[in-house]
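J.: File work.cif below, mmCIF, C-alpha atoms:
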```
data_upload
loop_
_atom_site.label_atom_id
_atom_site.label_comp_id
_atom_site.auth_asym_id
_atom_site.auth_seq_id
_atom_site.Cartn_x
_atom_site.Cartn_y
_atom_site.Cartn_z
CA MET A 10 20.94 4.50 -57.64
CA SER A 11 22.12 1.73 -59.91
CA ASP A 12 24.99 0.28 -57.95
CA ALA A 13 23.17 -0.88 -54.87
CA VAL A 14 21.67 -3.95 -53.42
CA ILE A 15 19.69 -2.17 -50.73
CA SER A 16 20.49 -3.30 -47.20
CA VAL A 17 17.17 -3.50 -45.38
CA THR A 18 16.30 -3.86 -41.69
CA GLY A 19 13.12 -4.46 -39.74
CA GLU A 20 12.41 -0.75 -39.98
CA THR A 21 12.83 -0.37 -43.74
CA PHE A 22 11.58 -3.76 -44.92
CA ASP A 23 7.98 -2.65 -45.32
CA GLN A 24 8.88 0.40 -47.35
CA VAL A 25 11.52 -1.17 -49.58
CA VAL A 26 10.10 -4.65 -50.09
CA ILE A 27 6.40 -4.83 -49.24
CA GLN A 28 5.37 -1.52 -50.76
CA SER A 29 7.50 -1.84 -53.88
CA GLU A 30 5.62 -1.61 -57.14
CA THR A 31 8.13 -3.75 -58.95
CA LEU A 32 9.43 -7.26 -58.31
CA VAL A 33 11.83 -7.46 -55.34
CA MET A 34 14.48 -10.09 -54.74
CA VAL A 35 15.66 -10.28 -51.12
CA ASP A 36 18.92 -12.03 -50.23
CA PHE A 37 18.89 -13.32 -46.63
CA TRP A 38 22.51 -13.75 -45.60
CA ALA A 39 25.05 -13.65 -42.77
CA THR A 40 28.75 -12.92 -42.52
CA TRP A 41 29.67 -16.44 -41.35
CA CYS A 42 27.92 -18.23 -44.19
CA GLY A 43 30.25 -19.48 -46.93
CA PRO A 44 27.70 -20.04 -49.68
CA CYS A 45 26.33 -16.52 -49.04
CA LYS A 46 29.67 -15.21 -50.25
CA ILE A 47 29.15 -16.97 -53.57
CA VAL A 48 25.68 -15.57 -54.02
CA ALA A 49 26.40 -11.95 -53.02
CA PRO A 50 28.43 -10.98 -56.13
CA VAL A 51 25.84 -12.66 -58.35
CA VAL A 52 23.10 -10.56 -56.76
CA GLU A 53 25.23 -7.46 -57.30
CA GLU A 54 25.55 -8.31 -60.99
CA LEU A 55 21.83 -8.97 -61.32
CA ALA A 56 21.10 -5.63 -59.64
CA LYS A 57 23.05 -3.90 -62.40
CA GLU A 58 21.49 -5.92 -65.20
CA TYR A 59 17.92 -5.41 -64.02
CA ASP A 60 18.38 -1.83 -62.89
CA GLY A 61 15.01 -0.07 -62.88
CA LYS A 62 13.03 -3.27 -63.45
CA VAL A 63 13.65 -5.20 -60.25
CA VAL A 64 14.56 -4.06 -56.75
CA PHE A 65 17.35 -6.03 -55.06
CA ALA A 66 17.58 -6.05 -51.29
CA LYS A 67 19.54 -7.92 -48.65
CA VAL A 68 18.81 -8.79 -45.04
CA ASN A 69 21.57 -9.65 -42.57
CA THR A 70 19.91 -12.42 -40.54
CA ASP A 71 22.20 -11.88 -37.55
CA GLU A 72 21.25 -8.25 -37.23
CA ASN A 73 17.59 -8.85 -38.11
CA PRO A 74 16.60 -12.17 -36.52
CA ASP A 75 12.95 -11.08 -36.38
CA LEU A 76 12.78 -10.65 -40.16
CA ALA A 77 14.43 -14.02 -40.64
CA SER A 78 12.06 -15.86 -38.33
CA LYS A 79 9.01 -14.00 -39.69
CA HIS A 80 9.85 -15.32 -43.14
CA GLY A 81 10.59 -18.81 -41.88
CA ILE A 82 14.24 -18.72 -42.85
CA ARG A 83 15.84 -22.06 -41.92
CA GLY A 84 18.88 -21.86 -44.11
CA ILE A 85 20.92 -19.25 -45.89
CA PRO A 86 21.43 -17.93 -48.42
CA THR A 87 17.71 -17.74 -49.13
CA LEU A 88 16.64 -15.60 -52.06
CA MET A 89 13.00 -14.60 -51.74
CA PHE A 90 10.93 -13.03 -54.47
CA PHE A 91 8.22 -10.52 -53.51
CA LYS A 92 5.56 -9.05 -55.77
CA GLY A 93 2.71 -6.88 -54.53
CA GLY A 94 3.89 -7.40 -50.96
CA GLU A 95 3.63 -11.18 -51.13
CA VAL A 96 6.21 -13.94 -51.31
CA LYS A 97 5.97 -15.50 -54.76
CA ASP A 98 8.89 -17.87 -54.73
CA GLN A 99 12.18 -18.63 -53.05
CA VAL A 100 15.50 -20.26 -53.75
CA VAL A 101 17.71 -21.71 -51.02
CA GLY A 102 21.45 -22.21 -51.41
CA ALA A 103 23.98 -20.99 -53.92
CA VAL A 104 22.47 -21.45 -57.38
CA PRO A 105 23.88 -20.50 -60.78
CA LYS A 106 23.21 -17.03 -62.11
CA ALA A 107 21.40 -18.37 -65.19
CA GLN A 108 18.83 -20.07 -62.96
CA LEU A 109 18.12 -16.85 -61.09
CA LYS A 110 17.83 -14.92 -64.34
CA SER A 111 15.28 -17.31 -65.76
CA LYS A 112 13.26 -17.05 -62.55
CA ILE A 113 13.33 -13.26 -62.66
CA ASP A 114 12.45 -13.25 -66.36
CA SER A 115 9.46 -15.52 -65.73
CA PHE A 116 8.14 -13.02 -63.17
CA LEU A 117 8.71 -10.08 -65.48
CA GLY A 118 6.80 -11.94 -68.17
CA MET B 22 48.51 -21.86 -72.92
CA TYR B 23 48.93 -22.60 -69.24
CA ASP B 24 51.48 -25.05 -67.96
CA VAL B 25 49.06 -26.42 -65.40
CA ILE B 26 45.33 -26.05 -64.93
CA ILE B 27 43.85 -27.17 -61.64
CA ILE B 28 40.12 -27.75 -61.40
CA GLY B 29 38.78 -27.30 -57.87
CA GLY B 30 39.88 -24.87 -55.15
CA GLY B 31 39.84 -26.97 -51.98
CA PRO B 32 42.94 -27.88 -49.96
CA ALA B 33 44.18 -30.38 -52.59
CA GLY B 34 43.92 -27.88 -55.44
CA LEU B 35 45.41 -24.99 -53.48
CA THR B 36 48.35 -27.14 -52.37
CA ALA B 37 48.97 -28.41 -55.91
CA GLY B 38 48.87 -24.76 -57.02
CA LEU B 39 51.30 -23.75 -54.30
CA TYR B 40 53.81 -26.38 -55.49
CA THR B 41 53.49 -25.71 -59.24
CA SER B 42 53.62 -21.93 -58.73
CA ARG B 43 56.78 -22.29 -56.66
CA GLY B 44 58.06 -24.48 -59.51
CA ARG B 45 57.57 -21.37 -61.68
CA LEU B 46 54.90 -23.05 -63.78
CA LYS B 47 52.17 -20.82 -65.14
CA THR B 48 49.21 -22.21 -63.22
CA LEU B 49 45.50 -21.47 -63.27
CA LEU B 50 43.09 -22.80 -60.67
CA ILE B 51 39.41 -22.88 -61.64
CA GLU B 52 36.79 -22.91 -58.87
CA LYS B 53 33.06 -22.81 -59.48
CA GLY B 54 31.97 -22.06 -55.94
CA LEU B 55 33.87 -20.95 -52.92
CA ILE B 56 37.62 -21.23 -52.49
CA GLY B 57 38.26 -23.81 -49.80
CA GLY B 58 35.51 -26.16 -50.91
CA LEU B 59 33.99 -28.36 -48.23
CA VAL B 60 36.42 -26.97 -45.65
CA THR B 61 34.40 -23.76 -45.59
CA THR B 62 31.32 -25.68 -44.47
CA THR B 63 33.11 -26.90 -41.33
CA GLU B 64 33.10 -24.45 -38.51
CA TRP B 65 36.08 -25.74 -36.67
CA VAL B 66 39.02 -27.88 -37.80
CA GLU B 67 40.83 -29.60 -34.95
CA ASN B 68 42.84 -32.30 -36.67
CA TYR B 69 44.95 -30.25 -39.07
CA PRO B 70 48.49 -30.03 -37.74
CA GLY B 71 49.99 -26.66 -36.90
CA PHE B 72 46.89 -25.18 -35.28
CA GLU B 73 46.99 -26.46 -31.72
CA GLU B 74 43.88 -24.51 -30.72
CA GLY B 75 42.01 -25.52 -33.89
CA VAL B 76 41.20 -23.21 -36.77
CA MET B 77 38.01 -21.99 -38.45
CA GLY B 78 37.42 -23.84 -41.73
CA ALA B 79 36.93 -20.59 -43.63
CA GLU B 80 40.10 -19.08 -42.16
CA LEU B 81 42.21 -22.11 -43.05
CA ALA B 82 40.94 -21.94 -46.64
CA GLN B 83 41.74 -18.25 -46.84
CA LYS B 84 45.28 -18.79 -45.54
CA MET B 85 45.89 -21.58 -48.07
CA GLN B 86 44.63 -19.32 -50.86
CA GLN B 87 46.84 -16.41 -49.80
CA GLN B 88 49.88 -18.64 -49.54
CA ALA B 89 49.36 -20.07 -53.04
CA THR B 90 48.58 -16.75 -54.75
CA LYS B 91 51.64 -15.20 -53.09
CA PHE B 92 53.74 -17.46 -55.31
CA GLY B 93 51.81 -16.59 -58.46
CA LEU B 94 48.84 -18.97 -58.59
CA GLU B 95 46.09 -17.46 -60.73
CA ILE B 96 42.49 -18.17 -59.66
CA LYS B 97 39.42 -18.00 -61.87
CA GLN B 98 35.80 -18.28 -60.78
CA ALA B 99 34.03 -20.43 -63.37
CA ALA B 100 32.35 -23.78 -63.88
CA VAL B 101 33.93 -26.39 -66.13
CA GLU B 102 31.67 -27.96 -68.70
CA ARG B 103 34.03 -30.35 -70.46
CA VAL B 104 37.61 -31.55 -70.44
CA SER B 105 39.20 -33.19 -73.44
CA VAL B 106 42.64 -34.63 -74.03
CA ASP B 107 44.05 -34.69 -77.55
CA GLY B 108 47.54 -36.15 -77.53
CA LYS B 109 49.48 -34.00 -75.08
CA LYS B 110 47.08 -31.06 -75.26
CA LYS B 111 44.38 -30.70 -72.60
CA THR B 112 41.44 -28.46 -73.44
CA ILE B 113 38.98 -27.19 -70.87
CA THR B 114 35.63 -25.76 -71.92
CA LEU B 115 33.96 -23.44 -69.43
CA ASP B 116 30.21 -22.94 -69.01
CA ASP B 117 30.35 -19.67 -70.95
CA GLY B 118 31.77 -21.59 -73.93
CA SER B 119 35.30 -20.23 -73.65
CA GLN B 120 38.24 -22.64 -73.88
CA LEU B 121 41.53 -22.90 -72.03
CA GLU B 122 44.55 -25.08 -72.79
CA ALA B 123 47.15 -26.64 -70.55
CA LYS B 124 50.13 -28.98 -70.71
CA ALA B 125 49.10 -30.80 -67.53
CA LEU B 126 45.86 -31.06 -65.64
CA ILE B 127 45.20 -31.62 -61.94
CA LEU B 128 41.67 -32.63 -60.97
CA THR B 129 40.78 -31.66 -57.40
CA THR B 130 37.03 -31.30 -57.73
CA GLY B 131 36.22 -33.02 -54.45
CA ALA B 132 32.89 -34.51 -53.52
CA HIS B 133 29.44 -33.32 -52.53
CA PRO B 134 27.11 -34.53 -49.77
CA ARG B 135 24.96 -37.52 -50.56
CA THR B 136 21.21 -37.16 -50.29
CA LEU B 137 18.86 -39.61 -48.54
CA LYS B 138 16.46 -39.81 -51.50
CA ILE B 139 13.35 -40.06 -49.35
CA PRO B 140 10.01 -38.24 -49.52
CA GLY B 141 10.13 -34.69 -48.19
CA GLU B 142 13.89 -34.25 -48.61
CA ASP B 143 13.72 -32.03 -51.70
CA GLU B 144 10.47 -30.39 -50.70
CA PHE B 145 11.85 -29.12 -47.38
CA ARG B 146 15.40 -28.37 -48.49
CA GLY B 147 16.21 -25.02 -46.89
CA LYS B 148 13.05 -25.35 -44.82
CA GLY B 149 14.55 -27.62 -42.22
CA VAL B 150 16.50 -30.03 -44.42
CA SER B 151 20.16 -29.05 -44.48
CA TYR B 152 23.56 -30.40 -45.48
CA CYS B 153 25.51 -27.62 -43.74
CA ALA B 154 25.24 -27.24 -39.98
CA THR B 155 27.60 -24.26 -40.00
CA CYS B 156 25.39 -22.44 -42.49
CA ASP B 157 22.02 -23.20 -41.00
CA GLY B 158 22.47 -24.27 -37.38
CA ALA B 159 21.77 -20.86 -35.92
CA PHE B 160 18.20 -20.92 -37.22
CA PHE B 161 17.34 -23.80 -34.90
CA LYS B 162 17.84 -22.11 -31.57
CA ASP B 163 15.98 -24.04 -28.81
CA ASN B 164 14.52 -26.41 -31.42
CA ASP B 165 14.70 -30.18 -31.52
CA ILE B 166 16.65 -31.38 -34.52
CA ALA B 167 18.12 -34.56 -35.99
CA VAL B 168 21.43 -35.47 -37.58
CA VAL B 169 21.52 -38.46 -39.90
CA GLY B 170 24.76 -40.45 -40.09
CA GLY B 171 27.49 -41.88 -37.87
CA GLY B 172 30.78 -40.78 -39.41
CA ASP B 173 33.13 -37.93 -38.47
CA SER B 174 31.04 -35.22 -40.14
CA ALA B 175 27.76 -36.38 -38.62
CA VAL B 176 29.13 -36.60 -35.10
CA GLN B 177 31.16 -33.41 -35.25
CA GLU B 178 28.22 -31.41 -36.58
CA ALA B 179 25.85 -32.97 -34.02
CA ILE B 180 28.14 -31.67 -31.28
CA PHE B 181 28.29 -28.25 -32.98
CA LEU B 182 24.49 -28.12 -33.24
CA THR B 183 24.06 -28.55 -29.47
CA LYS B 184 25.20 -24.91 -29.25
CA PHE B 185 21.78 -23.95 -30.62
CA ALA B 186 19.36 -26.83 -30.36
CA LYS B 187 17.54 -28.16 -27.29
CA THR B 188 17.89 -31.78 -28.34
CA VAL B 189 19.93 -33.31 -31.16
CA TYR B 190 18.89 -36.81 -32.21
CA VAL B 191 21.64 -38.71 -34.01
CA ILE B 192 20.01 -41.26 -36.29
CA HIS B 193 22.40 -43.98 -37.40
CA ARG B 194 21.72 -47.16 -39.31
CA ARG B 195 24.19 -49.20 -37.27
CA ASP B 196 24.59 -49.83 -33.53
CA LYS B 197 27.90 -48.01 -33.23
CA LEU B 198 29.55 -44.90 -34.63
CA ARG B 199 32.30 -44.81 -37.24
CA ALA B 200 33.57 -41.39 -36.14
CA GLU B 201 36.96 -40.71 -34.50
CA LYS B 202 37.03 -41.98 -30.93
CA ILE B 203 37.52 -38.50 -29.45
CA LEU B 204 34.41 -37.25 -31.25
CA GLN B 205 32.46 -40.32 -30.10
CA GLU B 206 33.44 -39.68 -26.48
CA ARG B 207 32.27 -36.08 -26.68
CA ALA B 208 29.00 -36.95 -28.36
CA LEU B 209 28.16 -39.88 -26.09
CA SER B 210 28.73 -37.76 -22.99
CA ASN B 211 26.77 -34.74 -24.28
CA PRO B 212 23.41 -34.59 -22.46
CA LYS B 213 21.75 -32.81 -25.40
CA ILE B 214 22.52 -35.62 -27.84
CA LYS B 215 20.21 -38.63 -28.03
CA PHE B 216 21.10 -41.62 -30.18
CA LEU B 217 18.66 -43.59 -32.27
CA TRP B 218 20.64 -46.72 -33.19
CA ASP B 219 19.89 -49.17 -35.99
CA SER B 220 17.57 -46.57 -37.45
CA VAL B 221 16.90 -44.96 -40.80
CA VAL B 222 14.72 -42.02 -41.78
CA GLU B 223 11.87 -43.11 -44.05
CA LYS B 224 10.10 -39.81 -44.58
CA ILE B 225 10.40 -36.11 -43.74
CA ASP B 226 7.10 -34.41 -42.89
CA GLY B 227 6.26 -30.77 -42.56
CA ASP B 228 3.90 -27.90 -43.23
CA ASN B 229 4.16 -24.30 -44.43
CA SER B 230 6.61 -23.47 -41.67
CA GLY B 231 9.00 -26.25 -42.71
CA VAL B 232 9.95 -29.61 -41.25
CA THR B 233 7.83 -30.79 -38.31
CA SER B 234 8.66 -34.48 -37.92
CA LEU B 235 10.52 -37.52 -39.21
CA LEU B 236 9.34 -41.06 -39.66
CA VAL B 237 12.14 -43.26 -38.34
CA LYS B 238 12.33 -47.00 -38.84
CA ASN B 239 14.31 -49.36 -36.65
CA VAL B 240 15.96 -51.73 -39.12
CA LYS B 241 16.20 -54.57 -36.58
CA THR B 242 12.63 -54.51 -35.27
CA ASN B 243 11.00 -52.85 -38.32
CA GLU B 244 9.21 -50.60 -35.87
CA ASN B 245 8.29 -47.08 -37.02
CA THR B 246 8.50 -44.06 -34.73
CA LYS B 247 7.59 -40.46 -35.37
CA ILE B 248 9.95 -37.92 -33.87
CA ASP B 249 9.08 -34.23 -33.75
CA VAL B 250 11.92 -32.07 -35.04
CA GLN B 251 12.17 -28.74 -36.83
CA GLY B 252 15.35 -29.57 -38.67
CA VAL B 253 17.29 -32.50 -40.08
CA PHE B 254 20.97 -32.34 -41.02
CA ILE B 255 22.12 -35.04 -43.41
CA TYR B 256 25.69 -36.39 -43.24
CA ILE B 257 25.63 -39.80 -44.88
CA GLY B 258 28.74 -39.54 -46.99
CA TYR B 259 29.73 -38.01 -50.27
CA ASN B 260 29.64 -38.50 -54.03
CA PRO B 261 32.61 -37.44 -56.17
CA ASN B 262 32.34 -34.46 -58.50
CA THR B 263 33.32 -36.32 -61.66
CA GLU B 264 30.26 -35.65 -63.84
CA PHE B 265 32.21 -33.92 -66.60
CA MET B 266 35.02 -36.46 -66.60
CA SER B 267 33.41 -39.39 -68.41
CA GLY B 268 35.85 -40.85 -70.89
CA LEU B 269 38.66 -38.68 -69.56
CA ALA B 270 40.20 -41.16 -67.12
CA ASN B 271 39.31 -44.39 -65.36
CA LEU B 272 36.83 -44.17 -62.50
CA ASP B 273 36.07 -46.79 -59.86
CA LYS B 274 32.59 -48.22 -59.40
CA GLU B 275 31.58 -45.29 -57.19
CA ASN B 276 32.88 -42.83 -59.83
CA TYR B 277 35.99 -41.77 -57.95
CA LEU B 278 39.10 -41.17 -60.08
CA ILE B 279 41.60 -44.03 -59.94
CA THR B 280 45.24 -43.00 -59.55
CA ASP B 281 48.56 -44.61 -58.79
CA GLU B 282 50.64 -43.51 -55.80
CA ASN B 283 51.96 -40.58 -57.85
CA MET B 284 48.41 -39.26 -58.34
CA SER B 285 48.53 -40.12 -62.06
CA THR B 286 45.20 -41.04 -63.59
CA SER B 287 44.92 -43.39 -66.56
CA SER B 288 45.32 -40.37 -68.85
CA PRO B 289 48.97 -39.19 -69.24
CA GLY B 290 49.53 -35.71 -67.83
CA VAL B 291 46.24 -35.77 -65.94
CA TYR B 292 46.47 -36.02 -62.15
CA ALA B 293 43.90 -36.26 -59.39
CA ALA B 294 44.21 -35.26 -55.74
CA GLY B 295 42.01 -34.98 -52.66
CA ASP B 296 38.49 -36.29 -52.09
CA VAL B 297 37.81 -36.90 -55.79
CA ARG B 298 40.43 -39.65 -55.81
CA ALA B 299 39.61 -43.24 -54.91
CA LYS B 300 41.24 -43.70 -51.49
CA GLN B 301 40.46 -44.60 -47.90
CA LEU B 302 41.02 -41.56 -45.73
CA LYS B 303 39.51 -38.26 -46.89
CA GLN B 304 40.83 -35.50 -44.67
CA ILE B 305 42.37 -32.05 -45.15
CA ALA B 306 45.68 -33.55 -44.07
CA THR B 307 45.55 -36.22 -46.77
CA ALA B 308 44.24 -33.80 -49.41
CA VAL B 309 47.25 -31.50 -49.04
CA GLY B 310 49.57 -34.50 -49.27
CA ASP B 311 47.90 -35.58 -52.50
CA GLY B 312 48.06 -32.02 -53.81
CA ALA B 313 51.79 -31.70 -53.19
CA ILE B 314 52.49 -34.98 -54.99
CA ALA B 315 50.25 -34.07 -57.94
CA GLY B 316 51.94 -30.68 -58.27
CA VAL B 317 55.44 -32.14 -58.33
CA GLU B 318 54.44 -34.97 -60.69
CA ALA B 319 52.81 -32.49 -63.10
CA GLU B 320 56.06 -30.53 -63.11
CA LYS B 321 58.05 -33.68 -63.95
CA TYR B 322 55.61 -34.58 -66.71
CA ILE B 323 55.98 -31.15 -68.33
CA GLU B 324 59.78 -31.30 -68.13
CA GLU B 325 59.82 -34.69 -69.81
CA ASN B 326 57.19 -34.04 -72.47
CA TYR B 327 57.60 -30.40 -73.54
#
```
Can the structure in the file be given as structure tokens, please?

T.:
Amino acid sequence: MSDAVISVTGETFDQVVIQSETLVMVDFWATWCGPCKIVAPVVEELAKEYDGKVVFAKVNTDENPDLASKHGIRGIPTLMFFKGGEVKDQVVGAVPKAQLKSKIDSFLG
Amino acid sequence: MYDVIIIGGGPAGLTAGLYTSRGRLKTLLIEKGLIGGLVTTTEWVENYPGFEEGVMGAELAQKMQQQATKFGLEIKQAAVERVSVDGKKKTITLDDGSQLEAKALILTTGAHPRTLKIPGEDEFRGKGVSYCATCDGAFFKDNDIAVVGGGDSAVQEAIFLTKFAKTVYVIHRRDKLRAEKILQERALSNPKIKFLWDSVVEKIDGDNSGVTSLLVKNVKTNENTKIDVQGVFIYIGYNPNTEFMSGLANLDKENYLITDENMSTSSPGVYAAGDVRAKQLKQIATAVGDGAIAGVEAEKYIEENY
């Protein structure tokens, strides 16, 4: 499945994000958030470019408030990087694609 | 070559694009972020005529976009790196290195929120420090939070934040608000809003969970107080987005573009409209007025010079 940023919920988060063997980038977003709309297409593009190397997921914070509060989300969009089930880094706000790429590349080594 | 290139997709740019497109000029609008600009970070717009019940910021932006594109305005999502003027030709270099040319240029890049530049502000950005109540307010349900500032944005967003927060402290360096009187009345009578007058934030403290408190100094007594809050929303004014314009046209001492009443900058064929322009009142209503003038003036310039 190359075309998808996987939409995860409280039920699937563990399986998709925590248990992933590869790096995972999770986009915490909501429908009413303007800057989230800037980030979403960038994440889609990254998902295509890093297909097979990185898992891309998204969490709707309105539908999954527990996941948002568990991860201390205080602003969206928040892009959180997970490796081996742990949070390694995060970026808040709409940032340029190049900046996200260099972050991903640094994790991939 | 385009007839007109507009940089910035807020109300000023979209209105300029509406006018030039209706003037049958081949027009491109370049926006690096979200169409609508700062308007999209306001939940509710109450002082734009024609919407007697008020209108959502995002919806207003979308309507302006649809109206302009209906008449042929082309919109491109990209960031501008450089603008140069060589005689009559204006060249725009985008961040991917590609170049675009135009006969006339309209700069509507707007402004971005000013930062406090105090310890903890960068560290806790997105972890309690926010510049967008609409984006982040919902994460502070039943929390105590603070808003810094005393202008329209600060007061309006403080009122908005009472939908979620238990207490909203408004921290203002003076002893009275600058905001519209109607906003002042609403804020002063809102039991959830507490005012800290003559006060500035010195430091933002927190832990792994994010912001936990602010150190607030009273500028008259020099007394420091710690207030426990989980969030702080900063609305202390704006800085113009003119970084890539050095040498292009004259700026004032705060780096806003100087224009005459026809929106002409010091560079022939280059116009400015909206919040990026040096002027007193920065509102959606004034931005669209600027945009209309800039659009019509750009059309005149092209007729006379090409």

J.: If you measure from atom CA of A:Gly102 to atom CA of B:Arg199, what distance in Å do you get, rounded to one decimal?

T.: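 Pair atom CA of A:Gly102 / atom CA of B:Arg199 returns 28.8 Å.
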
J.: What would the selection look like, as a PyMOL selection string, if the PyMOL selection byres ((chain A and resi 56) around 8) were run on the coordinates I just shared?

T.: chain A and resi 11-14+52-55+57-60+63-65

J.: Please identify every residue of chain A that has at least one atom no more than 6 Å from any atom of chain B, counting all atoms listed in the file, and report them as a VMD selection string.

T.: chain A and resid 42 83 to 84 101

J.: Counting only C-alpha atoms, which of A:Gly118, A:Gly19, A:Pro105, A:Pro44 gets nearest to A:His80?

T.: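 For A:His80, the nearest of the given residues is A:Gly19.
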
J.: In the coordinates of the file, take the point (56.8, -17.9, -52.8) and a cut-off of 10 Å; then, counting all atoms listed in the file, name each qualifying protein, DNA or RNA residue as a list in words.

T.: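 Collected hits near the coordinates: Leu39, Tyr40, Ser42, Arg43, Gly44, Arg45, Gln88, Ala89, Thr90, Lys91, Phe92, Gly93 and Leu94 of chain B.
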
J.: Kindly indicate which residue among B:Glu80, B:Asp311, B:Glu264, B:Glu102 lies nearest to B:Leu115, using all atoms listed in the file for the distances.

T.: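 Smallest distance to B:Leu115 is found for B:Glu102.
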
J.: Could you check which of B:Asp281, B:Glu73, B:Glu325, B:Glu320 is closest to B:Gly38, using all atoms listed in the file?

T.: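 Result for the nearest residue to B:Gly38: B:Glu320.
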
J.: Go through B:Ala294, B:Arg135, B:Gln205, B:Val240 one by one, measure the shortest atom-to-atom distance of each to B:Thr307 using only C-alpha atoms, and give the residue with the smallest value.

T.: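 The closest residue to B:Thr307 is B:Ala294.
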
J.: For A:Ala39, find every residue with an atom within 9 Å (counting all atoms listed in the file), except residues of its own chain fewer than 2 positions away, and show them as a ChimeraX atom specification.

T.: /A:37,41-43,45-46,68-72,85-86 /B:156
